[in-house]
Amino acid sequence: MQTIALGIVEDEPIVRESIITFLSERQSFRVVMEATSIEEFAEKCDGSNEAPDILLLDIGLPGMSGLEGIRHIKKISPETDIIMLTTYEESETIFKALCAGACSYLSKRSSLAQIEEAISVVFKGGSYMSPAIARKVVRYFAPSEVSRKELLTPRQQQIVSGLVEGLSYKMIADKYLISIETVRDHIKKIYKKLSINSKAELIRLSVDGEI
């Protein structure tokens with residue numbers, strides 16, 4: 001029987017040890033590496049240790065985050081498939097991980113049996129996601145009946161125009177006779193409605209005609 005060489009990068013001892021204990025009892029798995037950080041994983045992948053076929057990777061790690069570490073790991077061990085196992089379930093985080101090179105994404109709320117199933121699916125060339133994560137992916141790609149621009153109030157559209165023109169918060173406040181705090185509050189709401197995090201993304205959406 002072919003066994004799966006498994007690695008895990010997880011800084012929570014209880015989580016790490018429970019997964020290792022559970023999988024070590026299965027004949028189809030061999031835990032060949034465990035680490036508490038990306039840096040420790042890199043040290044252990046120095047050629048003297050067997051590279052894992054599958055790596056379970058957390059995001060909230062000490063030092064380099066799991067998201068930052070994906071590309072680093074793929075450079076060190078390009079044949080290793082990465083399954084994210086994390087508490088982070090925001091759509092943006094999911095897609096950043098998948099775009100960086102992770103092939104699957106699991107919530108830490110997943111059962112040990114689900115984790116075992118995910119590893120087996122990935123080893124056979126597939127991809128696996130927790131049901132809750134899969135729903136987020138489906139919603140993300142589902143056609144929307146409301147355009148992004150329609151999500152914004154007339155005032156918020158004015159503020160977007162001001163930012164695109166290069167106006168400062170104070171200049172926008174003076175132009176529309178509102179306070180700077182009101183401008184800041186609107187911008188926070190705009191970012192949330194559009195699922196973005198920066199002025200650069202906002203300007204890009206405007207330039208691309210999406211808002």
# chains A, B, ... in the order shown; residues from 1 in each chain; ligands from 1

call {"tool": "closest_atom_pairs", "arguments": {"of": "segment 104-204 of chain A", "to": "segment 44-56 of chain A", "cutoff": "9 Å", "atoms": "only C-alpha atoms", "output": "JSON lines"}}
result
{"residue": "A:Ile119", "atom": "CA", "partner": "A:Ile54", "partner_atom": "CA", "distance": 6.9}
{"residue": "A:Val122", "atom": "CA", "partner": "A:Ile54", "partner_atom": "CA", "distance": 7.8}
{"residue": "A:Phe123", "atom": "CA", "partner": "A:Ile54", "partner_atom": "CA", "distance": 7.1}

call {"tool": "select_by_dssp", "arguments": {"residues": "chain A", "states": "helix (DSSP H, G or I)", "output": "ChimeraX atom specification"}}
result
/A:13-24,38-44,66-76,91-100,112-123,131-141,149-151,154-164,169-176,180-194,199-207

call {"tool": "write_last_selection", "arguments": {"atoms": "C-alpha atoms", "output": "CSV table (one decimal), in the first residue's frame"}}
result
chain,number,residue,atom,x,y,z
A,13,PRO,CA,0.1,22.2,20.2
A,14,ILE,CA,-3.3,20.7,20.9
A,15,VAL,CA,-4.4,21.0,17.3
A,16,ARG,CA,-1.1,19.8,15.9
A,17,GLU,CA,-0.9,16.8,18.2
A,18,SER,CA,-4.5,15.7,17.8
A,19,ILE,CA,-4.1,15.6,14.0
A,20,ILE,CA,-0.8,13.8,14.2
A,21,THR,CA,-2.1,11.3,16.7
A,22,PHE,CA,-5.2,10.6,14.6
A,23,LEU,CA,-3.5,10.3,11.2
A,24,SER,CA,-0.5,8.3,12.6
A,38,ILE,CA,7.4,28.7,8.2
A,39,GLU,CA,10.9,29.4,9.3
A,40,GLU,CA,11.1,26.0,11.2
A,41,PHE,CA,9.7,24.2,8.1
A,42,ALA,CA,12.3,25.8,5.9
A,43,GLU,CA,15.1,24.7,8.3
A,44,LYS,CA,13.8,21.1,8.3
A,66,GLY,CA,0.9,31.0,6.4
A,67,LEU,CA,-0.3,33.2,3.5
A,68,GLU,CA,3.1,34.7,3.0
A,69,GLY,CA,4.7,31.3,3.4
A,70,ILE,CA,2.8,29.5,0.6
A,71,ARG,CA,5.1,30.8,-2.2
A,72,HIS,CA,8.2,30.3,0.0
A,73,ILE,CA,7.2,26.7,0.7
A,74,LYS,CA,6.5,26.0,-3.0
A,75,LYS,CA,10.0,27.2,-3.9
A,76,ILE,CA,11.6,25.0,-1.3
A,91,SER,CA,-13.5,35.3,1.1
A,92,GLU,CA,-10.4,37.5,0.5
A,93,THR,CA,-8.2,35.3,2.6
A,94,ILE,CA,-9.4,32.1,0.9
A,95,PHE,CA,-8.7,33.5,-2.6
A,96,LYS,CA,-5.3,34.9,-1.6
A,97,ALA,CA,-4.3,31.4,-0.4
A,98,LEU,CA,-5.6,29.7,-3.5
A,99,CYS,CA,-4.0,32.3,-5.8
A,100,ALA,CA,-0.6,31.9,-4.0
A,112,LEU,CA,-10.5,14.8,11.8
A,113,ALA,CA,-12.4,12.5,9.4
A,114,GLN,CA,-12.9,15.4,7.0
A,115,ILE,CA,-9.2,16.3,7.2
A,116,GLU,CA,-8.3,12.7,6.4
A,117,GLU,CA,-10.7,12.7,3.5
A,118,ALA,CA,-9.2,16.0,2.2
A,119,ILE,CA,-5.7,14.7,2.3
A,120,SER,CA,-6.7,11.5,0.4
A,121,VAL,CA,-8.6,13.6,-2.3
A,122,VAL,CA,-5.6,16.0,-2.8
A,123,PHE,CA,-3.1,13.1,-3.0
A,131,PRO,CA,-18.7,23.0,2.9
A,132,ALA,CA,-18.8,26.5,4.4
A,133,ILE,CA,-15.7,27.5,2.4
A,134,ALA,CA,-17.2,26.0,-0.8
A,135,ARG,CA,-20.3,28.1,-0.3
A,136,LYS,CA,-18.2,31.3,-0.1
A,137,VAL,CA,-16.5,30.3,-3.3
A,138,VAL,CA,-19.8,29.7,-5.1
A,139,ARG,CA,-21.2,33.0,-3.8
A,140,TYR,CA,-18.1,34.8,-5.0
A,141,PHE,CA,-18.5,33.6,-8.6
A,149,LYS,CA,-21.8,51.0,-8.3
A,150,GLU,CA,-25.4,50.5,-7.2
A,151,LEU,CA,-24.2,49.4,-3.8
A,154,PRO,CA,-24.9,59.1,-4.1
A,155,ARG,CA,-22.7,60.7,-1.4
A,156,GLN,CA,-20.4,57.7,-1.4
A,157,GLN,CA,-20.1,57.9,-5.2
A,158,GLN,CA,-19.2,61.6,-4.8
A,159,ILE,CA,-16.4,60.6,-2.4
A,160,VAL,CA,-15.1,58.0,-4.7
A,161,SER,CA,-15.0,60.6,-7.5
A,162,GLY,CA,-13.0,62.9,-5.2
A,163,LEU,CA,-10.5,60.2,-4.4
A,164,VAL,CA,-10.0,59.3,-8.0
A,169,TYR,CA,-10.0,63.8,2.8
A,170,LYS,CA,-10.0,67.4,3.9
A,171,MET,CA,-10.5,68.7,0.4
A,172,ILE,CA,-13.4,66.2,-0.1
A,173,ALA,CA,-14.9,67.3,3.2
A,174,ASP,CA,-14.7,71.0,2.2
A,175,LYS,CA,-16.1,70.3,-1.3
A,176,TYR,CA,-19.2,68.6,0.0
A,180,ILE,CA,-13.4,64.7,7.8
A,181,GLU,CA,-14.7,62.1,10.2
A,182,THR,CA,-17.8,61.7,8.0
A,183,VAL,CA,-15.6,61.3,4.9
A,184,ARG,CA,-13.6,58.6,6.8
A,185,ASP,CA,-16.8,56.8,7.9
A,186,HIS,CA,-18.1,56.8,4.3
A,187,ILE,CA,-14.8,55.4,3.0
A,188,LYS,CA,-14.8,52.6,5.6
A,189,LYS,CA,-18.4,51.7,4.4
A,190,ILE,CA,-17.3,51.9,0.8
A,191,TYR,CA,-14.4,49.5,1.4
A,192,LYS,CA,-16.8,47.1,3.2
A,193,LYS,CA,-19.4,47.2,0.5
A,194,LEU,CA,-16.9,46.6,-2.3
A,199,LYS,CA,-7.6,53.4,-2.0
A,200,ALA,CA,-5.5,51.8,-4.8
A,201,GLU,CA,-8.1,49.0,-5.2
A,202,LEU,CA,-10.9,51.6,-5.2
A,203,ILE,CA,-9.2,53.7,-7.9
A,204,ARG,CA,-8.6,50.6,-10.0
A,205,LEU,CA,-12.3,49.6,-9.8
A,206,SER,CA,-13.2,53.1,-10.9
A,207,VAL,CA,-10.7,53.2,-13.8

call {"tool": "decode", "arguments": {"residues": "segment 26-179 of chain A", "atoms": "C-alpha atoms", "output": "PDB file, in the first residue's frame"}}
result
ATOM      1  CA  ARG A  26      -3.822   5.093   9.829  1.00  0.00           C
ATOM      2  CA  GLN A  27      -1.556   2.844   7.774  1.00  0.00           C
ATOM      3  CA  SER A  28      -1.944   5.060   4.702  1.00  0.00           C
ATOM      4  CA  PHE A  29      -0.262   8.070   6.365  1.00  0.00           C
ATOM      5  CA  ARG A  30       3.266   8.836   7.520  1.00  0.00           C
ATOM      6  CA  VAL A  31       3.899  12.095   9.355  1.00  0.00           C
ATOM      7  CA  VAL A  32       7.363  13.024   8.098  1.00  0.00           C
ATOM      8  CA  MET A  33       7.553  16.609   9.296  1.00  0.00           C
ATOM      9  CA  GLU A  34       5.974  18.915  11.853  1.00  0.00           C
ATOM     10  CA  ALA A  35       6.795  22.554  12.508  1.00  0.00           C
ATOM     11  CA  THR A  36       5.387  25.529  14.382  1.00  0.00           C
ATOM     12  CA  SER A  37       6.393  28.164  11.830  1.00  0.00           C
ATOM     13  CA  ILE A  38       7.352  28.672   8.190  1.00  0.00           C
ATOM     14  CA  GLU A  39      10.899  29.369   9.317  1.00  0.00           C
ATOM     15  CA  GLU A  40      11.139  26.046  11.155  1.00  0.00           C
ATOM     16  CA  PHE A  41       9.690  24.224   8.137  1.00  0.00           C
ATOM     17  CA  ALA A  42      12.347  25.821   5.905  1.00  0.00           C
ATOM     18  CA  GLU A  43      15.111  24.715   8.294  1.00  0.00           C
ATOM     19  CA  LYS A  44      13.849  21.139   8.252  1.00  0.00           C
ATOM     20  CA  CYS A  45      13.612  21.087   4.447  1.00  0.00           C
ATOM     21  CA  ASP A  46      17.388  21.193   4.059  1.00  0.00           C
ATOM     22  CA  GLY A  47      17.622  18.027   2.018  1.00  0.00           C
ATOM     23  CA  SER A  48      18.209  15.681   4.941  1.00  0.00           C
ATOM     24  CA  ASN A  49      14.502  15.190   5.646  1.00  0.00           C
ATOM     25  CA  GLU A  50      11.854  13.680   3.407  1.00  0.00           C
ATOM     26  CA  ALA A  51       9.653  16.325   1.790  1.00  0.00           C
ATOM     27  CA  PRO A  52       5.941  15.820   2.491  1.00  0.00           C
ATOM     28  CA  ASP A  53       3.503  14.918  -0.287  1.00  0.00           C
ATOM     29  CA  ILE A  54       0.829  16.968   1.496  1.00  0.00           C
ATOM     30  CA  LEU A  55       1.295  19.846   3.916  1.00  0.00           C
ATOM     31  CA  LEU A  56      -1.377  21.084   6.323  1.00  0.00           C
ATOM     32  CA  LEU A  57      -0.684  24.786   6.800  1.00  0.00           C
ATOM     33  CA  ASP A  58      -2.111  27.268   9.298  1.00  0.00           C
ATOM     34  CA  ILE A  59      -2.319  31.004   8.524  1.00  0.00           C
ATOM     35  CA  GLY A  60      -1.899  32.617  11.947  1.00  0.00           C
ATOM     36  CA  LEU A  61       1.686  31.600  12.670  1.00  0.00           C
ATOM     37  CA  PRO A  62       4.514  33.282  14.592  1.00  0.00           C
ATOM     38  CA  GLY A  63       6.933  35.034  12.249  1.00  0.00           C
ATOM     39  CA  MET A  64       5.935  34.708   8.589  1.00  0.00           C
ATOM     40  CA  SER A  65       2.207  34.116   8.149  1.00  0.00           C
ATOM     41  CA  GLY A  66       0.908  31.043   6.384  1.00  0.00           C
ATOM     42  CA  LEU A  67      -0.332  33.193   3.503  1.00  0.00           C
ATOM     43  CA  GLU A  68       3.107  34.739   3.020  1.00  0.00           C
ATOM     44  CA  GLY A  69       4.715  31.343   3.409  1.00  0.00           C
ATOM     45  CA  ILE A  70       2.845  29.537   0.622  1.00  0.00           C
ATOM     46  CA  ARG A  71       5.079  30.777  -2.199  1.00  0.00           C
ATOM     47  CA  HIS A  72       8.154  30.271   0.004  1.00  0.00           C
ATOM     48  CA  ILE A  73       7.183  26.656   0.666  1.00  0.00           C
ATOM     49  CA  LYS A  74       6.482  26.012  -3.019  1.00  0.00           C
ATOM     50  CA  LYS A  75       9.992  27.224  -3.864  1.00  0.00           C
ATOM     51  CA  ILE A  76      11.573  24.959  -1.259  1.00  0.00           C
ATOM     52  CA  SER A  77       9.374  21.945  -1.970  1.00  0.00           C
ATOM     53  CA  PRO A  78       7.563  22.428  -5.304  1.00  0.00           C
ATOM     54  CA  GLU A  79       6.031  18.949  -5.358  1.00  0.00           C
ATOM     55  CA  THR A  80       4.322  19.416  -2.003  1.00  0.00           C
ATOM     56  CA  ASP A  81       0.577  20.102  -2.177  1.00  0.00           C
ATOM     57  CA  ILE A  82      -0.627  22.609   0.406  1.00  0.00           C
ATOM     58  CA  ILE A  83      -3.919  22.346   2.270  1.00  0.00           C
ATOM     59  CA  MET A  84      -4.763  25.418   4.331  1.00  0.00           C
ATOM     60  CA  LEU A  85      -6.187  24.458   7.739  1.00  0.00           C
ATOM     61  CA  THR A  86      -7.200  27.638   9.508  1.00  0.00           C
ATOM     62  CA  THR A  87      -9.760  29.632  11.448  1.00  0.00           C
ATOM     63  CA  TYR A  88      -9.712  32.377   8.791  1.00  0.00           C
ATOM     64  CA  GLU A  89     -12.783  32.023   6.582  1.00  0.00           C
ATOM     65  CA  GLU A  90     -13.001  35.445   4.896  1.00  0.00           C
ATOM     66  CA  SER A  91     -13.451  35.266   1.110  1.00  0.00           C
ATOM     67  CA  GLU A  92     -10.435  37.494   0.470  1.00  0.00           C
ATOM     68  CA  THR A  93      -8.169  35.285   2.582  1.00  0.00           C
ATOM     69  CA  ILE A  94      -9.422  32.139   0.854  1.00  0.00           C
ATOM     70  CA  PHE A  95      -8.679  33.511  -2.598  1.00  0.00           C
ATOM     71  CA  LYS A  96      -5.293  34.899  -1.612  1.00  0.00           C
ATOM     72  CA  ALA A  97      -4.312  31.433  -0.418  1.00  0.00           C
ATOM     73  CA  LEU A  98      -5.583  29.691  -3.540  1.00  0.00           C
ATOM     74  CA  CYS A  99      -3.958  32.257  -5.837  1.00  0.00           C
ATOM     75  CA  ALA A 100      -0.646  31.866  -3.978  1.00  0.00           C
ATOM     76  CA  GLY A 101      -0.569  28.132  -4.630  1.00  0.00           C
ATOM     77  CA  ALA A 102      -2.641  26.306  -2.018  1.00  0.00           C
ATOM     78  CA  CYS A 103      -4.808  23.619  -3.611  1.00  0.00           C
ATOM     79  CA  SER A 104      -7.377  23.206  -0.844  1.00  0.00           C
ATOM     80  CA  TYR A 105      -8.818  25.171   2.062  1.00  0.00           C
ATOM     81  CA  LEU A 106     -10.232  23.709   5.275  1.00  0.00           C
ATOM     82  CA  SER A 107     -11.763  25.308   8.330  1.00  0.00           C
ATOM     83  CA  LYS A 108     -10.378  24.202  11.686  1.00  0.00           C
ATOM     84  CA  ARG A 109     -13.973  23.409  12.516  1.00  0.00           C
ATOM     85  CA  SER A 110     -13.615  20.423  10.173  1.00  0.00           C
ATOM     86  CA  SER A 111     -13.634  17.009  11.814  1.00  0.00           C
ATOM     87  CA  LEU A 112     -10.537  14.815  11.824  1.00  0.00           C
ATOM     88  CA  ALA A 113     -12.361  12.507   9.415  1.00  0.00           C
ATOM     89  CA  GLN A 114     -12.871  15.427   7.005  1.00  0.00           C
ATOM     90  CA  ILE A 115      -9.181  16.311   7.234  1.00  0.00           C
ATOM     91  CA  GLU A 116      -8.281  12.699   6.450  1.00  0.00           C
ATOM     92  CA  GLU A 117     -10.676  12.732   3.482  1.00  0.00           C
ATOM     93  CA  ALA A 118      -9.226  16.038   2.207  1.00  0.00           C
ATOM     94  CA  ILE A 119      -5.676  14.679   2.300  1.00  0.00           C
ATOM     95  CA  SER A 120      -6.707  11.548   0.385  1.00  0.00           C
ATOM     96  CA  VAL A 121      -8.560  13.593  -2.256  1.00  0.00           C
ATOM     97  CA  VAL A 122      -5.617  15.958  -2.761  1.00  0.00           C
ATOM     98  CA  PHE A 123      -3.131  13.067  -2.954  1.00  0.00           C
ATOM     99  CA  LYS A 124      -5.202  11.629  -5.815  1.00  0.00           C
ATOM    100  CA  GLY A 125      -4.953  14.941  -7.679  1.00  0.00           C
ATOM    101  CA  GLY A 126      -8.146  16.598  -6.536  1.00  0.00           C
ATOM    102  CA  SER A 127      -9.011  19.655  -4.470  1.00  0.00           C
ATOM    103  CA  TYR A 128     -11.053  19.831  -1.297  1.00  0.00           C
ATOM    104  CA  MET A 129     -12.863  22.543   0.619  1.00  0.00           C
ATOM    105  CA  SER A 130     -14.983  22.607   3.746  1.00  0.00           C
ATOM    106  CA  PRO A 131     -18.699  22.983   2.900  1.00  0.00           C
ATOM    107  CA  ALA A 132     -18.783  26.481   4.422  1.00  0.00           C
ATOM    108  CA  ILE A 133     -15.711  27.496   2.409  1.00  0.00           C
ATOM    109  CA  ALA A 134     -17.165  26.007  -0.785  1.00  0.00           C
ATOM    110  CA  ARG A 135     -20.326  28.090  -0.320  1.00  0.00           C
ATOM    111  CA  LYS A 136     -18.230  31.251  -0.097  1.00  0.00           C
ATOM    112  CA  VAL A 137     -16.467  30.335  -3.344  1.00  0.00           C
ATOM    113  CA  VAL A 138     -19.793  29.685  -5.085  1.00  0.00           C
ATOM    114  CA  ARG A 139     -21.222  32.997  -3.844  1.00  0.00           C
ATOM    115  CA  TYR A 140     -18.108  34.829  -5.000  1.00  0.00           C
ATOM    116  CA  PHE A 141     -18.520  33.612  -8.586  1.00  0.00           C
ATOM    117  CA  ALA A 142     -22.321  33.745  -8.694  1.00  0.00           C
ATOM    118  CA  PRO A 143     -23.661  36.511 -10.965  1.00  0.00           C
ATOM    119  CA  SER A 144     -24.858  39.504  -9.000  1.00  0.00           C
ATOM    120  CA  GLU A 145     -28.112  41.257  -9.841  1.00  0.00           C
ATOM    121  CA  VAL A 146     -26.778  44.483  -8.346  1.00  0.00           C
ATOM    122  CA  SER A 147     -23.773  46.255  -9.859  1.00  0.00           C
ATOM    123  CA  ARG A 148     -21.021  47.383  -7.516  1.00  0.00           C
ATOM    124  CA  LYS A 149     -21.807  51.010  -8.296  1.00  0.00           C
ATOM    125  CA  GLU A 150     -25.420  50.513  -7.180  1.00  0.00           C
ATOM    126  CA  LEU A 151     -24.160  49.390  -3.771  1.00  0.00           C
ATOM    127  CA  LEU A 152     -22.913  52.932  -3.100  1.00  0.00           C
ATOM    128  CA  THR A 153     -25.070  55.870  -2.014  1.00  0.00           C
ATOM    129  CA  PRO A 154     -24.927  59.106  -4.072  1.00  0.00           C
ATOM    130  CA  ARG A 155     -22.710  60.661  -1.382  1.00  0.00           C
ATOM    131  CA  GLN A 156     -20.357  57.667  -1.427  1.00  0.00           C
ATOM    132  CA  GLN A 157     -20.129  57.913  -5.220  1.00  0.00           C
ATOM    133  CA  GLN A 158     -19.165  61.579  -4.820  1.00  0.00           C
ATOM    134  CA  ILE A 159     -16.427  60.634  -2.356  1.00  0.00           C
ATOM    135  CA  VAL A 160     -15.118  57.966  -4.740  1.00  0.00           C
ATOM    136  CA  SER A 161     -14.959  60.594  -7.491  1.00  0.00           C
ATOM    137  CA  GLY A 162     -13.018  62.888  -5.168  1.00  0.00           C
ATOM    138  CA  LEU A 163     -10.482  60.183  -4.351  1.00  0.00           C
ATOM    139  CA  VAL A 164     -10.037  59.325  -8.023  1.00  0.00           C
ATOM    140  CA  GLU A 165      -9.411  63.030  -8.706  1.00  0.00           C
ATOM    141  CA  GLY A 166      -6.644  62.926  -6.118  1.00  0.00           C
ATOM    142  CA  LEU A 167      -8.399  65.031  -3.487  1.00  0.00           C
ATOM    143  CA  SER A 168      -7.397  64.666   0.165  1.00  0.00           C
ATOM    144  CA  TYR A 169      -9.950  63.794   2.839  1.00  0.00           C
ATOM    145  CA  LYS A 170     -10.004  67.445   3.913  1.00  0.00           C
ATOM    146  CA  MET A 171     -10.529  68.672   0.353  1.00  0.00           C
ATOM    147  CA  ILE A 172     -13.404  66.218  -0.101  1.00  0.00           C
ATOM    148  CA  ALA A 173     -14.911  67.338   3.203  1.00  0.00           C
ATOM    149  CA  ASP A 174     -14.674  71.009   2.186  1.00  0.00           C
ATOM    150  CA  LYS A 175     -16.092  70.305  -1.281  1.00  0.00           C
ATOM    151  CA  TYR A 176     -19.196  68.564   0.030  1.00  0.00           C
ATOM    152  CA  LEU A 177     -19.539  70.587   3.281  1.00  0.00           C
ATOM    153  CA  ILE A 178     -19.102  67.584   5.570  1.00  0.00           C
ATOM    154  CA  SER A 179     -16.596  66.728   8.298  1.00  0.00           C
TER     155      SER A 179
END
